[in-house]
file entry.txt (compact mmCIF, C-alpha atoms)
# COMPACT_ATOMS: atom_id res chain seq x y z
CA MET A 1 30.69 53.38 -2.55
CA ARG A 2 31.91 56.86 -1.78
CA THR A 3 30.94 56.48 1.84
CA GLY A 4 32.88 53.20 1.99
CA SER A 5 36.14 54.67 0.76
CA CYS A 6 35.63 57.63 3.02
CA VAL A 7 35.33 55.33 6.04
CA VAL A 8 38.49 53.48 5.01
CA GLY A 9 40.29 56.81 4.58
CA LEU A 10 39.18 57.95 7.98
CA GLY A 11 40.30 54.67 9.50
CA ALA A 12 43.74 55.04 7.94
CA MET A 13 43.93 58.60 9.20
CA LEU A 14 43.01 57.53 12.73
CA VAL A 15 45.65 54.79 12.65
CA ALA A 16 48.23 57.32 11.41
CA MET A 17 47.19 59.73 14.14
CA GLY A 18 47.47 56.95 16.73
CA VAL A 19 50.98 56.08 15.50
CA ALA A 20 51.97 59.73 15.55
CA ALA A 21 50.66 60.05 19.08
CA VAL A 22 52.67 57.02 20.24
CA MET A 23 55.84 58.25 18.50
CA ALA A 24 55.51 61.69 20.05
CA GLN A 25 55.80 60.12 23.53
CA ALA A 26 53.66 62.90 24.96
CA PRO A 27 55.42 65.25 27.26
CA ALA A 28 53.21 66.55 30.05
CA PRO A 29 50.57 67.91 29.95
CA ALA A 30 48.77 65.14 28.14
CA VAL A 31 46.09 67.43 26.71
CA HIS A 32 46.79 70.39 24.48
CA ALA A 33 45.12 72.65 21.93
CA GLU A 34 46.08 73.23 18.30
CA GLY A 35 45.08 75.69 15.59
CA ALA A 36 42.61 77.74 17.63
CA TRP A 37 40.81 80.64 15.98
CA VAL A 38 37.81 82.87 16.56
CA ARG A 39 35.44 83.98 13.85
CA GLN A 40 35.32 87.75 13.51
CA PRO A 41 31.83 88.90 14.49
CA ALA A 42 29.95 91.64 12.67
CA PRO A 43 30.71 95.03 14.28
CA SER A 44 27.45 95.30 16.20
CA ARG A 45 27.31 91.63 17.21
CA ASP A 46 28.71 90.44 20.50
CA VAL A 47 28.32 86.75 19.69
CA THR A 48 30.78 84.58 17.84
CA ALA A 49 32.30 81.10 17.68
CA ALA A 50 35.74 79.72 18.46
CA TYR A 51 37.30 76.63 16.93
CA VAL A 52 40.20 74.46 18.07
CA VAL A 53 41.54 70.93 17.92
CA ILE A 54 41.99 69.32 21.32
CA VAL A 55 44.62 66.58 21.39
CA ASN A 56 44.73 64.05 24.20
CA ASP A 57 48.01 62.12 24.36
CA GLY A 58 47.03 60.56 27.67
CA ASP A 59 45.88 57.03 28.37
CA ALA A 60 42.47 58.08 29.64
CA PRO A 61 39.68 60.03 27.94
CA VAL A 62 39.14 63.57 29.18
CA ARG A 63 35.91 65.47 29.40
CA ILE A 64 35.69 69.19 28.65
CA VAL A 65 32.89 70.57 30.81
CA ALA A 66 33.12 74.35 30.61
CA GLY A 67 34.91 77.32 29.18
CA GLU A 68 35.67 80.89 30.11
CA SER A 69 37.35 83.94 28.68
CA ARG A 70 38.02 87.35 30.12
CA MET A 71 36.90 88.74 26.75
CA ALA A 72 33.45 87.15 26.81
CA LYS A 73 30.65 87.26 29.32
CA THR A 74 29.58 83.67 28.71
CA VAL A 75 31.35 80.74 27.08
CA GLU A 76 29.36 77.66 26.10
CA LEU A 77 30.04 74.39 24.31
CA HIS A 78 27.80 73.95 21.29
CA GLU A 79 27.23 71.52 18.48
CA MET A 80 25.69 71.69 15.04
CA ALA A 81 23.99 68.59 13.82
CA MET A 82 21.79 67.69 10.89
CA GLU A 83 18.40 66.60 12.20
CA ASN A 84 15.27 66.08 10.11
CA ARG A 85 16.97 67.81 7.16
CA MET A 86 17.62 70.81 9.38
CA MET A 87 20.88 72.14 10.73
CA LYS A 88 20.35 72.40 14.43
CA MET A 89 22.56 74.14 16.93
CA ARG A 90 22.41 73.02 20.52
CA ARG A 91 24.30 73.46 23.72
CA VAL A 92 26.16 70.39 24.91
CA ASP A 93 27.13 69.64 28.52
CA ASP A 94 30.52 68.24 27.69
CA ILE A 95 32.92 67.19 24.96
CA VAL A 96 34.87 63.97 25.41
CA VAL A 97 38.36 63.68 23.94
CA PRO A 98 39.24 59.98 23.69
CA ALA A 99 42.47 58.54 25.09
CA LYS A 100 45.28 59.02 22.56
CA GLY A 101 42.85 60.81 20.33
CA ARG A 102 41.65 64.22 19.32
CA VAL A 103 38.46 66.16 18.82
CA ALA A 104 38.17 68.87 16.20
CA LEU A 105 35.92 71.79 17.04
CA GLU A 106 35.26 73.13 13.57
CA PRO A 107 32.61 74.93 11.49
CA GLY A 108 29.50 72.84 11.08
CA GLY A 109 30.25 70.65 14.11
CA LEU A 110 31.29 71.11 17.70
CA HIS A 111 32.34 74.63 18.57
CA ILE A 112 32.78 77.07 21.41
CA MET A 113 30.24 79.89 21.59
CA LEU A 114 31.29 83.24 22.97
CA PHE A 115 28.50 85.52 24.17
CA GLY A 116 28.90 89.13 25.24
CA VAL A 117 32.30 89.53 23.65
CA GLN A 118 34.07 92.81 24.16
CA ALA A 119 34.18 94.62 20.86
CA PRO A 120 36.01 95.12 18.70
CA LEU A 121 37.31 91.70 17.78
CA GLU A 122 39.41 92.34 14.74
CA PRO A 123 41.67 90.07 12.71
CA GLY A 124 44.82 89.61 14.70
CA THR A 125 43.18 90.15 18.09
CA VAL A 126 44.07 87.19 20.28
CA VAL A 127 41.26 85.89 22.45
CA PRO A 128 42.39 84.06 25.58
CA LEU A 129 40.21 81.05 26.34
CA THR A 130 40.28 78.53 29.14
CA LEU A 131 38.63 75.15 28.83
CA ARG A 132 37.89 73.36 32.05
CA LEU A 133 38.13 69.59 32.31
CA GLN A 134 36.08 67.40 34.59
CA ASP A 135 39.09 66.67 36.82
CA GLY A 136 39.43 70.39 37.50
CA SER A 137 42.45 70.95 35.28
CA THR A 138 42.37 73.51 32.49
CA ILE A 139 43.61 74.00 28.94
CA ALA A 140 44.77 77.51 28.13
CA ILE A 141 44.13 78.58 24.54
CA GLU A 142 45.15 81.67 22.60
CA ALA A 143 42.77 82.04 19.66
CA PRO A 144 43.49 84.72 17.06
CA VAL A 145 40.50 86.33 15.33
CA ARG A 146 40.14 85.52 11.64
CA ALA A 147 38.29 87.56 9.06
CA PRO A 148 35.44 85.68 7.34
CA GLU A 149 37.11 85.63 3.90
CA SER A 150 40.08 83.65 5.16
CA ARG A 151 37.95 80.64 5.86
CA MET B 1 22.66 47.00 -0.06
CA THR B 2 19.10 46.24 -1.10
CA ARG B 3 17.86 48.92 1.22
CA ALA B 4 20.33 51.45 -0.18
CA LEU B 5 19.20 50.59 -3.68
CA LEU B 6 15.57 50.94 -2.70
CA ALA B 7 16.29 54.34 -1.17
CA LEU B 8 18.03 55.37 -4.38
CA VAL B 9 15.12 54.21 -6.52
CA LEU B 10 12.66 56.02 -4.26
CA ALA B 11 14.76 59.19 -4.30
CA SER B 12 14.92 59.04 -8.08
CA ALA B 13 11.19 58.54 -8.32
CA VAL B 14 10.59 61.51 -6.05
CA ALA B 15 13.04 63.63 -8.03
CA ALA B 16 11.41 62.60 -11.30
CA SER B 17 7.94 63.44 -10.11
CA ALA B 18 8.98 66.76 -8.62
CA CYS B 19 10.60 68.13 -11.71
CA GLN B 20 10.39 68.24 -15.45
CA ARG B 21 13.47 67.80 -17.56
CA PRO B 22 14.02 70.48 -20.17
CA ALA B 23 15.70 69.73 -23.51
CA GLU B 24 19.09 70.37 -21.99
CA GLY B 25 20.73 71.26 -18.70
CA PRO B 26 19.61 70.41 -15.19
CA PRO B 27 15.97 69.66 -14.31
CA VAL B 28 13.48 72.38 -13.46
CA TYR B 29 12.23 71.89 -9.91
CA ASP B 30 8.64 72.49 -9.07
CA ILE B 31 9.53 74.83 -6.17
CA GLY B 32 10.48 78.43 -5.76
CA GLY B 33 9.01 81.33 -7.66
CA ASP B 34 8.84 85.05 -7.12
CA PHE B 35 8.21 86.86 -3.87
CA THR B 36 8.53 90.30 -2.32
CA LEU B 37 10.32 90.92 0.98
CA THR B 38 12.19 93.80 2.63
CA ASP B 39 15.84 94.27 1.68
CA GLN B 40 18.78 95.43 3.78
CA ASP B 41 18.03 99.04 2.91
CA GLY B 42 14.51 98.68 4.28
CA LYS B 43 12.95 98.78 0.81
CA ALA B 44 10.48 96.37 -0.75
CA PHE B 45 12.38 93.95 -2.95
CA ASP B 46 10.78 91.93 -5.73
CA SER B 47 12.76 88.80 -6.59
CA ALA B 48 11.58 89.12 -10.20
CA SER B 49 13.84 92.16 -10.52
CA LEU B 50 16.80 89.75 -10.73
CA ARG B 51 15.53 88.15 -13.94
CA GLY B 52 18.38 87.71 -16.41
CA HIS B 53 20.78 86.72 -13.61
CA VAL B 54 21.54 83.35 -12.16
CA VAL B 55 20.33 83.69 -8.57
CA LEU B 56 21.52 81.79 -5.51
CA VAL B 57 18.96 81.60 -2.70
CA PHE B 58 19.47 80.40 0.83
CA PHE B 59 17.78 80.66 4.19
CA GLY B 60 19.72 81.49 7.34
CA TYR B 61 20.08 83.92 10.22
CA THR B 62 22.86 86.23 11.20
CA PHE B 63 22.85 85.27 14.88
CA CYS B 64 23.97 81.81 13.84
CA PRO B 65 27.73 82.22 13.99
CA ASP B 66 28.65 78.85 12.56
CA VAL B 67 26.85 77.38 9.56
CA CYS B 68 25.52 80.58 8.01
CA PRO B 69 28.91 82.32 7.81
CA THR B 70 30.29 79.12 6.32
CA THR B 71 27.67 79.31 3.56
CA LEU B 72 28.38 83.00 2.99
CA SER B 73 32.12 82.36 2.83
CA LYS B 74 31.42 79.59 0.35
CA ILE B 75 29.38 81.94 -1.81
CA ALA B 76 32.21 84.49 -1.64
CA ALA B 77 34.58 81.74 -2.87
CA VAL B 78 32.13 80.78 -5.65
CA THR B 79 32.01 84.42 -6.73
CA ARG B 80 35.81 84.63 -6.87
CA ALA B 81 35.99 81.39 -8.87
CA LEU B 82 33.46 82.69 -11.40
CA GLY B 83 35.74 85.60 -12.26
CA PRO B 84 34.20 87.95 -14.82
CA ASP B 85 30.97 85.90 -14.90
CA ALA B 86 30.30 86.77 -11.25
CA GLY B 87 28.49 89.90 -12.40
CA ARG B 88 25.75 87.69 -13.83
CA VAL B 89 25.15 85.93 -10.52
CA LYS B 90 23.18 87.38 -7.59
CA THR B 91 22.53 86.00 -4.13
CA MET B 92 19.41 86.30 -1.98
CA TYR B 93 19.89 85.64 1.74
CA VAL B 94 16.46 85.16 3.30
CA SER B 95 16.48 85.52 7.07
CA VAL B 96 14.52 82.97 9.07
CA ASP B 97 14.97 85.14 12.15
CA PRO B 98 13.09 88.36 11.33
CA ARG B 99 12.87 89.20 15.05
CA ARG B 100 16.62 89.77 15.26
CA ASP B 101 17.49 90.33 11.61
CA THR B 102 16.40 93.86 10.93
CA PRO B 103 17.50 95.43 7.61
CA GLU B 104 20.36 97.20 9.45
CA VAL B 105 21.66 93.97 10.96
CA LEU B 106 21.50 92.21 7.58
CA LYS B 107 23.31 95.06 5.88
CA GLU B 108 26.18 95.04 8.33
CA HIS B 109 26.45 91.27 8.14
CA LEU B 110 26.57 91.11 4.34
CA ASP B 111 29.01 94.01 4.08
CA MET B 112 31.37 92.07 6.28
CA PHE B 113 31.43 89.09 3.97
CA GLY B 114 31.85 91.17 0.87
CA VAL B 115 29.19 89.10 -0.88
CA ASP B 116 27.04 90.84 -3.46
CA ALA B 117 23.88 89.60 -1.82
CA VAL B 118 20.43 90.96 -1.15
CA GLY B 119 19.59 90.42 2.51
CA LEU B 120 15.87 89.84 2.92
CA THR B 121 13.64 89.98 5.93
CA GLY B 122 9.95 90.54 6.57
CA THR B 123 7.15 89.66 8.92
CA GLU B 124 7.08 86.16 10.32
CA ASP B 125 4.18 85.33 8.01
CA GLU B 126 5.98 86.64 4.95
CA ILE B 127 9.10 84.64 5.74
CA ALA B 128 7.08 81.51 6.38
CA ARG B 129 5.37 81.87 3.03
CA VAL B 130 8.64 82.23 1.09
CA ALA B 131 10.24 79.31 2.96
CA LYS B 132 7.23 77.17 2.07
CA GLN B 133 7.51 78.19 -1.59
CA TYR B 134 11.05 76.83 -1.65
CA GLY B 135 10.42 73.77 0.49
CA ALA B 136 12.74 75.22 3.13
CA ALA B 137 12.00 74.57 6.78
CA TYR B 138 12.96 76.19 10.07
CA VAL B 139 12.04 75.84 13.70
CA ILE B 140 12.56 78.41 16.44
CA GLU B 141 13.79 76.66 19.56
CA GLU B 142 13.98 78.19 23.00
CA THR B 143 17.15 77.12 24.80
CA ASP B 144 18.85 77.39 28.18
CA SER B 145 21.82 78.86 26.32
CA ALA B 146 22.87 82.49 26.57
CA ALA B 147 21.66 82.65 22.95
CA GLY B 148 18.05 82.79 24.13
CA TYR B 149 16.42 81.13 21.16
CA LEU B 150 18.10 79.42 18.24
CA VAL B 151 16.71 78.64 14.82
CA SER B 152 17.15 75.23 13.27
CA HIS B 153 16.88 75.46 9.52
CA THR B 154 17.43 73.65 6.25
CA THR B 155 20.69 74.59 4.56
CA THR B 156 19.93 73.98 0.89
CA LEU B 157 21.44 76.48 -1.54
CA TYR B 158 19.06 76.95 -4.47
CA ALA B 159 20.22 78.11 -7.89
CA LEU B 160 17.70 79.80 -10.17
CA ASP B 161 18.26 80.22 -13.88
CA PRO B 162 17.90 83.60 -15.63
CA GLU B 163 14.17 82.87 -16.08
CA GLY B 164 13.75 82.49 -12.32
CA ARG B 165 13.22 78.73 -12.37
CA THR B 166 14.82 76.56 -9.66
CA ARG B 167 17.44 74.37 -11.35
CA TYR B 168 19.74 73.20 -8.56
CA GLN B 169 19.38 72.38 -4.89
CA PHE B 170 22.88 72.16 -3.46
CA ALA B 171 23.31 70.40 -0.14
CA TYR B 172 25.29 72.02 2.67
CA GLU B 173 28.21 69.72 1.83
CA ALA B 174 28.39 70.79 -1.84
CA SER B 175 31.86 72.03 -2.78
CA VAL B 176 32.69 75.38 -4.33
CA ASP B 177 33.67 73.58 -7.56
CA GLU B 178 30.35 71.74 -7.70
CA ILE B 179 28.40 74.97 -7.25
CA VAL B 180 30.53 76.83 -9.81
CA ALA B 181 30.06 74.03 -12.35
CA GLY B 182 26.31 74.10 -11.78
CA ILE B 183 26.10 77.86 -12.16
CA ARG B 184 28.07 77.69 -15.41
CA THR B 185 25.42 75.44 -16.96
CA LEU B 186 22.87 78.18 -16.29
CA LEU B 187 24.81 81.20 -17.53
call {"tool": "encode", "arguments": {"input": "entry.txt", "output": "structure tokens"}}
result
Amino acid sequence: MRTGSCVVGLGAMLVAMGVAAVMAQAPAPAVHAEGAWVRQPAPSRDVTAAYVVIVNDGDAPVRIVAGESRMAKTVELHEMAMENRMMKMRRVDDIVVPAKGRVALEPGGLHIMLFGVQAPLEPGTVVPLTLRLQDGSTIAIEAPVRAPESR
Amino acid sequence: MTRALLALVLASAVAASACQRPAEGPPVYDIGGDFTLTDQDGKAFDSASLRGHVVLVFFGYTFCPDVCPTTLSKIAAVTRALGPDAGRVKTMYVSVDPRRDTPEVLKEHLDMFGVDAVGLTGTEDEIARVAKQYGAAYVIEETDSAAGYLVSHTTTLYALDPEGRTRYQFAYEASVDEIVAGIRTLL
């Protein structure tokens, strides 16, 4: 019952998003990032996660295949998924953003992992991130660091 | 529909067999119980020392930058929502990654979240025993990621009553309000 209404709600949201995308008449570039942020790591940790919504106003799906940042040694695409009752984190090769759609990288789901980050990442620090698409183009992202309490 | 109903009936049957229902309040689950591990100050910590408090227990690891902080942030929000009653609620964060989660690492991690939690680690055997007591599960998985290995783990948040009995098993999706309401029935 609850699942049913949730699916209907999601459907309505997707339709609304589709309408909004059509009305916006996408100026170039067709793909952009919204609401990016990086989780503040503990002082001695050089690993953290970044989150962002990728919006694709274009007519063709795009595939994010890699990431980089001058503030992290390694950037990887990861996903959390519930499997056999367990929350499992795994690296994914790519993230597809559907045509005239969006993909939310958010806690508990898809996210960007930053390894070997240059400390200190404090609230307000802006982490520059570049996501690379399969066609060779890139999405530039500025992701401010957020303290844990604010989430 | 029939299948969903069957699943529901089965789940109820399992729940009924796994717990006994006291005169009032939520059921008492047949899992959990006391244990001793090492706390974030490197001292032996006996869970029985929290008797008289409602205790939240969960299993996680600090290297995990996604789900575990989300749970800690949620607990911080629960604490805020409890207001003056928060003093009667304690949290035990049991690490399922004792190789990386030394007492120092746990201490730093918990300080950052401002959660009044006891961070617990131990030998791999000790951790395995406590996880088993609570019906929690975890698997260490080697990966090709820069992370080295990652730990898959169950995300249940357990709530123990002041007598140390397990009364709630909140799923990862449980809201702050749901958890606060549950805790209030135990205070």
call {"tool": "residues_around", "arguments": {"input": "entry.txt", "residues": "Leu50 in chain B", "least_positions_apart": "4", "cutoff": "8 Å", "atoms": "all atoms listed in the file", "output": "short mmCIF file (atom, residue, chain, number, x, y, z; two decimals) with C-alpha atoms, keeping the file's coordinate frame"}}
result
data_model
loop_
_atom_site.label_atom_id
_atom_site.label_comp_id
_atom_site.auth_asym_id
_atom_site.auth_seq_id
_atom_site.Cartn_x
_atom_site.Cartn_y
_atom_site.Cartn_z
CA VAL B 55 20.33 83.69 -8.57
CA LYS B 90 23.18 87.38 -7.59
CA PRO B 162 17.90 83.60 -15.63
#
call {"tool": "residues_around", "arguments": {"input": "entry.txt", "residues": "Ala147 in chain B", "least_positions_apart": "6", "cutoff": "12 Å", "atoms": "all atoms listed in the file", "output": "list in words"}}
result
Asp46, Val47, Thr48, Ala49, Lys73, Thr74, Val75, Glu76, Leu77, His78, Met89, Arg90, Arg91, Met113, Leu114, Phe115 and Gly116 of chain A; Phe63, Cys64, Pro65, Arg100, Ile140 and Glu141 of chain B
call {"tool": "closest_atom_pairs", "arguments": {"input": "entry.txt", "of": "chain A", "to": "chain B", "cutoff": "6 Å", "atoms": "all atoms listed in the file", "output": "JSON lines"}}
result
{"residue": "A:Ala42", "atom": "CA", "partner": "B:His109", "partner_atom": "CA", "distance": 5.7}
{"residue": "A:Thr48", "atom": "CA", "partner": "B:Pro65", "partner_atom": "CA", "distance": 5.4}
{"residue": "A:Ala49", "atom": "CA", "partner": "B:Pro65", "partner_atom": "CA", "distance": 6.0}
{"residue": "A:Arg85", "atom": "CA", "partner": "B:Thr154", "partner_atom": "CA", "distance": 5.9}
{"residue": "A:Met86", "atom": "CA", "partner": "B:Thr154", "partner_atom": "CA", "distance": 4.2}
{"residue": "A:Met87", "atom": "CA", "partner": "B:His153", "partner_atom": "CA", "distance": 5.3}
{"residue": "A:Lys88", "atom": "CA", "partner": "B:Ser152", "partner_atom": "CA", "distance": 4.4}
{"residue": "A:Pro107", "atom": "CA", "partner": "B:Asp66", "partner_atom": "CA", "distance": 5.7}
{"residue": "A:Gly108", "atom": "CA", "partner": "B:Val67", "partner_atom": "CA", "distance": 5.5}
call {"tool": "residues_near_point", "arguments": {"input": "entry.txt", "point": "(17.6, 85.8, 7.5)", "cutoff": "10 Å", "atoms": "only C-alpha atoms", "output": "JSON, numbers by chain"}}
result
{"B": [58, 59, 60, 61, 62, 63, 64, 68, 92, 93, 94, 95, 96, 97, 98, 99, 100, 101, 102, 103, 105, 106, 119, 120, 121, 122, 127]}
call {"tool": "write_last_selection", "arguments": {"input": "entry.txt", "atoms": "C-alpha atoms", "output": "PDB file, keeping the file's coordinate frame"}}
result
ATOM      1  CA  PHE B  58      19.470  80.400   0.830  1.00  0.00           C
ATOM      2  CA  PHE B  59      17.780  80.660   4.190  1.00  0.00           C
ATOM      3  CA  GLY B  60      19.720  81.490   7.340  1.00  0.00           C
ATOM      4  CA  TYR B  61      20.080  83.920  10.220  1.00  0.00           C
ATOM      5  CA  THR B  62      22.860  86.230  11.200  1.00  0.00           C
ATOM      6  CA  PHE B  63      22.850  85.270  14.880  1.00  0.00           C
ATOM      7  CA  CYS B  64      23.970  81.810  13.840  1.00  0.00           C
ATOM      8  CA  CYS B  68      25.520  80.580   8.010  1.00  0.00           C
ATOM      9  CA  MET B  92      19.410  86.300  -1.980  1.00  0.00           C
ATOM     10  CA  TYR B  93      19.890  85.640   1.740  1.00  0.00           C
ATOM     11  CA  VAL B  94      16.460  85.160   3.300  1.00  0.00           C
ATOM     12  CA  SER B  95      16.480  85.520   7.070  1.00  0.00           C
ATOM     13  CA  VAL B  96      14.520  82.970   9.070  1.00  0.00           C
ATOM     14  CA  ASP B  97      14.970  85.140  12.150  1.00  0.00           C
ATOM     15  CA  PRO B  98      13.090  88.360  11.330  1.00  0.00           C
ATOM     16  CA  ARG B  99      12.870  89.200  15.050  1.00  0.00           C
ATOM     17  CA  ARG B 100      16.620  89.770  15.260  1.00  0.00           C
ATOM     18  CA  ASP B 101      17.490  90.330  11.610  1.00  0.00           C
ATOM     19  CA  THR B 102      16.400  93.860  10.930  1.00  0.00           C
ATOM     20  CA  PRO B 103      17.500  95.430   7.610  1.00  0.00           C
ATOM     21  CA  VAL B 105      21.660  93.970  10.960  1.00  0.00           C
ATOM     22  CA  LEU B 106      21.500  92.210   7.580  1.00  0.00           C
ATOM     23  CA  GLY B 119      19.590  90.420   2.510  1.00  0.00           C
ATOM     24  CA  LEU B 120      15.870  89.840   2.920  1.00  0.00           C
ATOM     25  CA  THR B 121      13.640  89.980   5.930  1.00  0.00           C
ATOM     26  CA  GLY B 122       9.950  90.540   6.570  1.00  0.00           C
ATOM     27  CA  ILE B 127       9.100  84.640   5.740  1.00  0.00           C
TER      28      ILE B 127
END
call {"tool": "residues_around", "arguments": {"input": "entry.txt", "residues": "Arg102 in chain A", "least_positions_apart": "4", "cutoff": "9 Å", "atoms": "only C-alpha atoms", "output": "PDB file with C-alpha atoms, in the frame of the given file"}}
result
ATOM      1  CA  MET A  17      47.190  59.730  14.140  1.00  0.00           C
ATOM      2  CA  VAL A  53      41.540  70.930  17.920  1.00  0.00           C
ATOM      3  CA  ILE A  54      41.990  69.320  21.320  1.00  0.00           C
ATOM      4  CA  VAL A  55      44.620  66.580  21.390  1.00  0.00           C
ATOM      5  CA  ASN A  56      44.730  64.050  24.200  1.00  0.00           C
ATOM      6  CA  ASP A  57      48.010  62.120  24.360  1.00  0.00           C
ATOM      7  CA  VAL A  97      38.360  63.680  23.940  1.00  0.00           C
ATOM      8  CA  PRO A  98      39.240  59.980  23.690  1.00  0.00           C
TER       9      PRO A  98
END
call {"tool": "atom_distance", "arguments": {"input": "entry.txt", "atom1": "CA of Val176 in chain B", "atom2": "CA of Gly109 in chain A"}}
result
19.2 Å
call {"tool": "closest_residue", "arguments": {"input": "entry.txt", "among": "A:Val92, A:Met71, A:Ala33, A:Val38", "to": "Ile139 in chain A", "atoms": "all atoms listed in the file"}}
result
A:Ala33
call {"tool": "closest_residue", "arguments": {"input": "entry.txt", "among": "A:Arg39, A:Lys100, A:His32, A:Arg132", "to": "Ala147 in chain A", "atoms": "only C-alpha atoms"}}
result
A:Arg39
call {"tool": "atom_distance", "arguments": {"input": "entry.txt", "atom1": "CA of Tyr149 in chain B", "atom2": "CA of Val103 in chain A"}}
result
26.7 Å
call {"tool": "atom_distance", "arguments": {"input": "entry.txt", "atom1": "CA of Gly182 in chain B", "atom2": "CA of Gly32 in chain B"}}
result
17.5 Å
call {"tool": "closest_residue", "arguments": {"input": "entry.txt", "among": "B:Val78, B:Val57, B:Ala117, B:Val89", "to": "Asp39 in chain B", "atoms": "all atoms listed in the file"}}
result
B:Ala117
call {"tool": "residues_near_point", "arguments": {"input": "entry.txt", "point": "(39.8, 90.2, 17.9)", "cutoff": "9 Å", "atoms": "all atoms listed in the file", "output": "compact mmCIF listing (two decimals) with C-alpha atoms, keeping the file's coordinate frame"}}
result
# COMPACT_ATOMS: atom_id res chain seq x y z
CA VAL A 38 37.81 82.87 16.56
CA ARG A 39 35.44 83.98 13.85
CA GLN A 40 35.32 87.75 13.51
CA PRO A 41 31.83 88.90 14.49
CA GLN A 118 34.07 92.81 24.16
CA ALA A 119 34.18 94.62 20.86
CA PRO A 120 36.01 95.12 18.70
CA LEU A 121 37.31 91.70 17.78
CA GLU A 122 39.41 92.34 14.74
CA PRO A 123 41.67 90.07 12.71
CA GLY A 124 44.82 89.61 14.70
CA THR A 125 43.18 90.15 18.09
CA VAL A 126 44.07 87.19 20.28
CA VAL A 127 41.26 85.89 22.45
CA ALA A 143 42.77 82.04 19.66
CA PRO A 144 43.49 84.72 17.06
CA VAL A 145 40.50 86.33 15.33
CA ARG A 146 40.14 85.52 11.64
call {"tool": "axis_aligned_box", "arguments": {"input": "entry.txt", "around": "range 41-58 of chain B", "padding_each_side": "5 Å", "output": "JSON"}}
result
{"center_x": 16.0, "center_y": 89.7, "center_z": -6.1, "size_x": 21.1, "size_y": 28.6, "size_z": 30.7}
call {"tool": "decode", "arguments": {"input": "entry.txt", "residues": "range 106-117 of chain B", "atoms": "N, CA, C and O atoms", "output": "CSV table (one decimal), in the first residue's frame"}}
result
chain,number,residue,atom,x,y,z
B,106,LEU,N,38.4,5.9,16.6
B,106,LEU,CA,37.0,6.0,17.1
B,106,LEU,C,36.7,7.3,17.8
B,106,LEU,O,35.7,7.9,17.6
B,107,LYS,N,37.6,7.6,18.7
B,107,LYS,CA,37.5,8.8,19.5
B,107,LYS,C,37.3,10.1,18.6
B,107,LYS,O,36.4,10.9,18.8
B,108,GLU,N,38.2,10.2,17.7
B,108,GLU,CA,38.2,11.3,16.8
B,108,GLU,C,36.9,11.4,16.0
B,108,GLU,O,36.3,12.5,15.9
B,109,HIS,N,36.5,10.3,15.6
B,109,HIS,CA,35.3,10.2,14.7
B,109,HIS,C,34.1,10.6,15.5
B,109,HIS,O,33.3,11.4,15.1
B,110,LEU,N,33.9,10.1,16.7
B,110,LEU,CA,32.8,10.4,17.5
B,110,LEU,C,32.7,11.8,18.0
B,110,LEU,O,31.7,12.5,18.0
B,111,ASP,N,33.9,12.3,18.3
B,111,ASP,CA,34.0,13.7,18.7
B,111,ASP,C,33.5,14.6,17.6
B,111,ASP,O,32.8,15.6,17.9
B,112,MET,N,33.8,14.3,16.4
B,112,MET,CA,33.4,15.1,15.3
B,112,MET,C,31.9,15.2,15.2
B,112,MET,O,31.3,16.2,14.8
B,113,PHE,N,31.2,14.1,15.5
B,113,PHE,CA,29.7,14.1,15.3
B,113,PHE,C,29.0,14.6,16.6
B,113,PHE,O,27.8,14.9,16.5
B,114,GLY,N,29.8,14.9,17.6
B,114,GLY,CA,29.2,15.4,18.8
B,114,GLY,C,28.1,14.5,19.4
B,114,GLY,O,27.1,14.9,19.9
B,115,VAL,N,28.2,13.2,19.2
B,115,VAL,CA,27.3,12.2,19.7
B,115,VAL,C,27.8,11.6,21.0
B,115,VAL,O,29.0,11.3,21.0
B,116,ASP,N,27.0,11.6,22.0
B,116,ASP,CA,27.5,11.0,23.3
B,116,ASP,C,27.5,9.5,23.1
B,116,ASP,O,26.6,8.8,23.6
B,117,ALA,N,28.4,9.0,22.4
B,117,ALA,CA,28.5,7.6,22.1
B,117,ALA,C,29.7,6.9,22.7
B,117,ALA,O,30.8,7.6,22.8
